[in-house]
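Read the structure below first, then the notes.
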Amino acid sequence: MSVNEKYWLKHYFGESTKIAYYGVSFNPYDLREESVFATVGGRSVIIAQFDNSKPVSLEVLQTYMDENTEENFYCCAWSFDPLSGAPWLAVTGAQGIIKIIDSSVGSVVRSLIGHGDEINEIKFHPRKPSLLFSASKDFSIRLWNVVTCMPIAIFGGECGHREPVLSIDVHLSGDFLASSGMDHAVKIWSLCTPVVKNAIESSLKPIQPSRPQQPSSSRQQTCCRSHGKPPSPVFVHFPIYSTARLHNNYVDCVRWYGDLLLSRCAADATIILWKPNVELIATDNSNVTTIIVGGPSKASSSYDIICEFEFDHCDIWFLRFGISPDYQQLATGNQIGQIYLWDLQDIPLFIDKYIEKKKAKNIVTNKKEKVTIKKKGGNGGNGKKSTANVNNHSANSNGGSASSSSSGNNANDNLKSEDVENKECKPSILGMEPCDSTIRQVAFSKNRNWMVAVCDDATIWCWKMNREAQQAGNSRYDPMIIDD
């Protein structure tokens, strides 16, 4: 049964204001059967839920309108109050201020101030819901404790992004952060170095109960100050991985898929599944007192493409694809109101092909090296070749970006997707006939029963899973971790 038989259009609604909706997010901590989600755009936040027990299953729970007429929200993310368990929704955008909305009372209870420009994406830590990452136009990524409003770490600087950061995602282990931006670069940052771990642990130490919240607007729109002056954040200047060779334009969406990455760039209607050639080990020998973490010699830049997901009508940037929580489906919108859906159950086959090709390539390489050593009679000449290869896999240490072209890949170092047999992943296309507007983001509910898309024309489209089709094609699995 094809993917498009699994979803059918159930609900649609729009705003008369015609503001563009940029972000949508389901609440993964909602314990009820209903699926609660939020959408953001302009000054508006809408929180709604699906209730299958009612004739009209879509119900708007809350709306929030920011008092700043210059605000334009780009993204949102869910967490909860660790003290009361109340659902928290983080929203942010053009003003560079992250606002935490307690959806149980419908008001802002925290504001995080620190970025110097717009914030393009936010993500909560998958294991520590009090930790929030934010990616900004100011070239940096910040890590916050949303309970205390403390800035914990700033990722950027010497080998950070050289242009606005557009997208971030946290590895399911919570140990690594992926980022991408307008500099065409994708970077991986370690969150398990002693200095970062110490900063995180320090920020999470005994949380003092907050004083009763006052309803005044001045309280709502200011940064929390009831916990005293926070310590200065640590600065992380060096990623453990960086490449600007994979994409040739703004990289506006990056997501983890196990230890692999999915990413797409502007003006390229292709989502690439690829393996960064870096060892993801949750240890580091840095001194805990070191403020600048890592170093140029640690970063790698080579990669292997596993497969590509192609779609049509997409030559703009700031489009976010979505992956279902069980990693079985991938979806993205385009500029003419279509949703492309891929079934990811075949991905292990592509990964198996990749592993086979990689092993075969390594065997050939090892044989060539042995022949070379025999002919050269030891290290003569071979040492320089090895050094050159190592340099090709290193980050650029001459200031500038760690992912500049001088630290790129030799074409022979990467296993291209053309080397993988039967690499084509065919999508199913869901049309929304009344809609011909750009779909900015697609998101799945935690059980995949619902899929929501938000558009430039202030419309929200809700698709429901066909249960019979789901059961016929259901085979749960976790994203594969590759060990070469």
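Order determines the names: the first chain of the structure tokens is A, the second B, and so forth; residues in each chain are numbered 1 upward, and ligands are numbered 1 upward as they are shown.
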Practice item. Extract, using only C-alpha atoms, all DNA, RNA and protein residues at most 9 Å from Arg162 in chain A, discarding same-chain residues fewer than 3 positions from it, and format them as JSON, numbers by chain. Key: {"A": [139, 156, 157, 158, 159, 165, 181, 182, 183, 185, 400, 401]}
Practice item. Might you pull out every residue within 12 Å of range 313-317 of chain A, with only C-alpha atoms counted and same-chain residues fewer than 5 positions away left off, and present them as a ChimeraX atom specification? Key: /A:22,166-167,181-182,249-253,264-271,332-340,436-441
Expected file: the selected residues, N, CA and C atoms, as a JSON list (two decimals), in the first residue's frame:
```json
[["chain", "number", "residue", "atom", "x", "y", "z"],
["A", 22, "TYR", "N", 5.16, 30.11, 9.73],
["A", 22, "TYR", "CA", 6.49, 29.56, 9.48],
["A", 22, "TYR", "C", 6.78, 28.27, 10.23],
["A", 166, "LEU", "N", 20.82, 28.83, 10.47],
["A", 166, "LEU", "CA", 19.43, 28.64, 10.08],
["A", 166, "LEU", "C", 18.75, 27.45, 10.74],
["A", 167, "SER", "N", 19.51, 26.42, 11.07],
["A", 167, "SER", "CA", 18.88, 25.21, 11.58],
["A", 167, "SER", "C", 19.78, 24.48, 12.56],
["A", 181, "GLY", "N", 23.82, 26.65, 8.14],
["A", 181, "GLY", "CA", 23.54, 28.06, 7.97],
["A", 181, "GLY", "C", 23.73, 28.58, 6.57],
["A", 182, "MET", "N", 23.72, 29.91, 6.47],
["A", 182, "MET", "CA", 23.85, 30.59, 5.19],
["A", 182, "MET", "C", 25.25, 30.50, 4.61],
["A", 249, "ASN", "N", 24.54, 26.11, -1.30],
["A", 249, "ASN", "CA", 23.69, 27.25, -1.00],
["A", 249, "ASN", "C", 23.32, 27.20, 0.48],
["A", 250, "TYR", "N", 22.45, 28.13, 0.91],
["A", 250, "TYR", "CA", 22.02, 28.15, 2.31],
["A", 250, "TYR", "C", 21.50, 26.76, 2.72],
["A", 251, "VAL", "N", 22.00, 26.23, 3.82],
["A", 251, "VAL", "CA", 21.50, 24.96, 4.34],
["A", 251, "VAL", "C", 20.46, 25.29, 5.40],
["A", 252, "ASP", "N", 19.18, 25.19, 5.02],
["A", 252, "ASP", "CA", 18.13, 25.71, 5.90],
["A", 252, "ASP", "C", 17.44, 24.66, 6.76],
["A", 253, "CYS", "N", 17.84, 23.40, 6.64],
["A", 253, "CYS", "CA", 17.26, 22.37, 7.50],
["A", 253, "CYS", "C", 18.23, 21.21, 7.65],
["A", 264, "ARG", "N", 19.05, 19.75, 3.64],
["A", 264, "ARG", "CA", 18.71, 20.29, 2.33],
["A", 264, "ARG", "C", 19.17, 21.74, 2.27],
["A", 265, "CYS", "N", 19.37, 22.23, 1.05],
["A", 265, "CYS", "CA", 19.79, 23.61, 0.90],
["A", 265, "CYS", "C", 18.84, 24.36, -0.01],
["A", 266, "ALA", "N", 18.88, 25.68, 0.07],
["A", 266, "ALA", "CA", 18.01, 26.53, -0.73],
["A", 266, "ALA", "C", 18.27, 26.31, -2.21],
["A", 267, "ALA", "N", 17.22, 26.47, -3.00],
["A", 267, "ALA", "CA", 17.29, 26.37, -4.47],
["A", 267, "ALA", "C", 17.69, 24.97, -4.93],
["A", 268, "ASP", "N", 17.57, 23.98, -4.06],
["A", 268, "ASP", "CA", 17.89, 22.60, -4.43],
["A", 268, "ASP", "C", 16.80, 21.71, -3.85],
["A", 269, "ALA", "N", 15.95, 21.18, -4.71],
["A", 269, "ALA", "CA", 14.82, 20.37, -4.25],
["A", 269, "ALA", "C", 15.28, 18.93, -3.99],
["A", 270, "THR", "N", 16.21, 18.80, -3.08],
["A", 270, "THR", "CA", 16.75, 17.49, -2.73],
["A", 270, "THR", "C", 17.09, 17.46, -1.24],
["A", 271, "ILE", "N", 16.66, 16.42, -0.57],
["A", 271, "ILE", "CA", 17.07, 16.16, 0.82],
["A", 271, "ILE", "C", 18.09, 15.03, 0.76],
["A", 332, "THR", "N", 8.07, 16.75, 3.23],
["A", 332, "THR", "CA", 8.42, 18.16, 3.00],
["A", 332, "THR", "C", 7.38, 18.79, 2.09],
["A", 333, "GLY", "N", 7.22, 20.09, 2.22],
["A", 333, "GLY", "CA", 6.34, 20.83, 1.33],
["A", 333, "GLY", "C", 7.14, 21.50, 0.24],
["A", 334, "ASN", "N", 6.42, 22.11, -0.72],
["A", 334, "ASN", "CA", 7.09, 22.87, -1.77],
["A", 334, "ASN", "C", 6.36, 24.18, -2.01],
["A", 335, "GLN", "N", 6.63, 24.83, -3.11],
["A", 335, "GLN", "CA", 6.11, 26.17, -3.35],
["A", 335, "GLN", "C", 4.72, 26.19, -3.97],
["A", 336, "ILE", "N", 4.18, 25.03, -4.34],
["A", 336, "ILE", "CA", 2.86, 25.02, -4.98],
["A", 336, "ILE", "C", 1.85, 24.22, -4.16],
["A", 337, "GLY", "N", 2.07, 24.14, -2.86],
["A", 337, "GLY", "CA", 1.09, 23.52, -1.97],
["A", 337, "GLY", "C", 1.05, 22.02, -2.01],
["A", 338, "GLN", "N", 2.14, 21.36, -2.37],
["A", 338, "GLN", "CA", 2.21, 19.91, -2.38],
["A", 338, "GLN", "C", 3.07, 19.41, -1.23],
["A", 339, "ILE", "N", 2.72, 18.22, -0.72],
["A", 339, "ILE", "CA", 3.53, 17.56, 0.30],
["A", 339, "ILE", "C", 4.11, 16.29, -0.31],
["A", 340, "TYR", "N", 5.42, 16.13, -0.21],
["A", 340, "TYR", "CA", 6.09, 14.93, -0.68],
["A", 340, "TYR", "C", 6.36, 14.03, 0.54],
["A", 436, "ASP", "N", -2.21, 26.82, -3.28],
["A", 436, "ASP", "CA", -1.06, 26.84, -4.18],
["A", 436, "ASP", "C", 0.06, 27.66, -3.57],
["A", 437, "SER", "N", 0.04, 27.75, -2.24],
["A", 437, "SER", "CA", 1.01, 28.57, -1.51],
["A", 437, "SER", "C", 2.19, 27.72, -1.03],
["A", 438, "THR", "N", 3.27, 28.39, -0.66],
["A", 438, "THR", "CA", 4.47, 27.72, -0.15],
["A", 438, "THR", "C", 4.18, 27.08, 1.21],
["A", 439, "ILE", "N", 4.51, 25.80, 1.34],
["A", 439, "ILE", "CA", 4.41, 25.10, 2.62],
["A", 439, "ILE", "C", 5.75, 25.27, 3.34],
["A", 440, "ARG", "N", 5.72, 25.94, 4.47],
["A", 440, "ARG", "CA", 6.97, 26.26, 5.18],
["A", 440, "ARG", "C", 7.48, 25.13, 6.06],
["A", 441, "GLN", "N", 6.57, 24.38, 6.68],
["A", 441, "GLN", "CA", 7.01, 23.30, 7.56],
["A", 441, "GLN", "C", 5.94, 22.23, 7.65]]
```
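Our summary of the geometry notes that CA of Leu9 in chain A is positioned 15.7 Å from CA of Asp51 in chain A.
Shortest atom-to-atom contact with Tyr21 in chain A among A:Leu177, A:Ile306, A:Ala458, A:Ile323: A:Ala458, counting only C-alpha atoms.
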Contacts of Gly114 in chain A at 9 Å or less, counting only C-alpha atoms, minus same-chain residues fewer than 4 places along, as a JSON list (two decimals) with N, CA and C atoms, in the first residue's frame?
```json
[["chain", "number", "residue", "atom", "x", "y", "z"],
["A", 96, "GLY", "N", 14.45, 38.32, 18.24],
["A", 96, "GLY", "CA", 15.59, 37.69, 18.92],
["A", 96, "GLY", "C", 15.35, 37.41, 20.38],
["A", 97, "ILE", "N", 14.11, 37.41, 20.83],
["A", 97, "ILE", "CA", 13.76, 37.12, 22.22],
["A", 97, "ILE", "C", 12.96, 35.82, 22.26],
["A", 142, "ARG", "N", 23.07, 29.40, 21.01],
["A", 142, "ARG", "CA", 23.12, 29.51, 22.47],
["A", 142, "ARG", "C", 22.39, 28.34, 23.12],
["A", 151, "PRO", "N", 22.06, 31.69, 30.45],
["A", 151, "PRO", "CA", 22.79, 31.24, 29.26],
["A", 151, "PRO", "C", 23.92, 30.32, 29.71]]
```
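Distances from A:Asp102, A:Glu308, A:Glu279, A:Asp81 to Gln62 in chain A were compared using only C-alpha atoms, and the smallest one belongs to A:Asp102.
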Tell me which protein, DNA and RNA residues are within 7 Å of Pro239 in chain A, counting only C-alpha atoms, leaving out same-chain ones fewer than 2 positions away, and put them as a short mmCIF file (atom, residue, chain, number, x, y, z; two decimals) with N, CA and C atoms, in the first residue's frame.
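Resulting contents of out-v9.cif:
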```cif
data_model
loop_
_atom_site.label_atom_id
_atom_site.label_comp_id
_atom_site.auth_asym_id
_atom_site.auth_seq_id
_atom_site.Cartn_x
_atom_site.Cartn_y
_atom_site.Cartn_z
N LYS A 187 27.80 21.76 10.64
CA LYS A 187 28.78 21.54 11.70
C LYS A 187 28.19 20.65 12.78
N ILE A 188 29.07 19.90 13.44
CA ILE A 188 28.68 19.08 14.59
C ILE A 188 29.49 19.54 15.79
N TRP A 189 28.79 19.79 16.89
CA TRP A 189 29.41 20.27 18.12
C TRP A 189 29.24 19.21 19.21
N SER A 190 30.28 19.02 20.00
CA SER A 190 30.20 18.07 21.11
C SER A 190 29.61 18.75 22.34
N HIS A 237 34.30 27.37 20.54
CA HIS A 237 34.71 27.95 19.27
C HIS A 237 34.93 26.91 18.18
N TYR A 241 33.22 18.59 13.79
CA TYR A 241 33.06 18.27 12.36
C TYR A 241 32.52 19.50 11.65
N SER A 242 32.98 19.71 10.41
CA SER A 242 32.49 20.84 9.63
C SER A 242 32.74 20.59 8.15
N ALA A 299 38.62 18.70 14.15
CA ALA A 299 37.49 18.70 13.22
C ALA A 299 37.77 17.90 11.96
#
```
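Using only C-alpha atoms, the smallest distance between any of A:Lys353, A:His115, A:Lys18, A:Lys128 and Gly41 in chain A comes from A:Lys18.
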Point to revise | Within 7 Å of Leu143 in chain A using only C-alpha atoms, minus same-chain residues under 2 positions, as a ChimeraX atom specification | key: /A:131-134,141,151-154
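Of note, CA of Gly116 in chain A and CA of Ile168 in chain A are spaced 17.8 Å apart.
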Review point. If you run DSSP on the backbone, which residues of range 93-185 of chain A are strand (DSSP E or B), as a PyMOL selection string?
Key: chain A and resi 93+97-102+107-113+119-124+131-136+141-145+150-155+165-170+176-181
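One distance worth recording is that between CA of Ile200 in chain A and CA of Gln95 in chain A, which is 26.2 Å.
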Check your understanding: Pick from A:Phe80, A:Glu163, A:Val234, A:Val36: nearest to Pro194 in chain A, with only C-alpha atoms counted?
Key -> A:Val234
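The shortest atom-to-atom distance to Leu330 in chain A, with only C-alpha atoms taken into account, belongs to A:Ile429 out of A:Ala48, A:Ile113, A:Cys192, A:Ile429.
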Check your understanding: Leaving out Phe26 in chain A and any residue of its chain fewer than 2 positions from it, which residues lie within 8 Å of it when counting only C-alpha atoms, given as number ranges by chain?
Key -> A: 24, 28, 35-38, 78, 443-446
Exercise for review: Write out as number ranges by chain the residues lying within 7 Å of Thr459 in chain A, counting only C-alpha atoms and excluding same-chain residues fewer than 4 positions away.
Suggested key: A: 13-15, 454-455
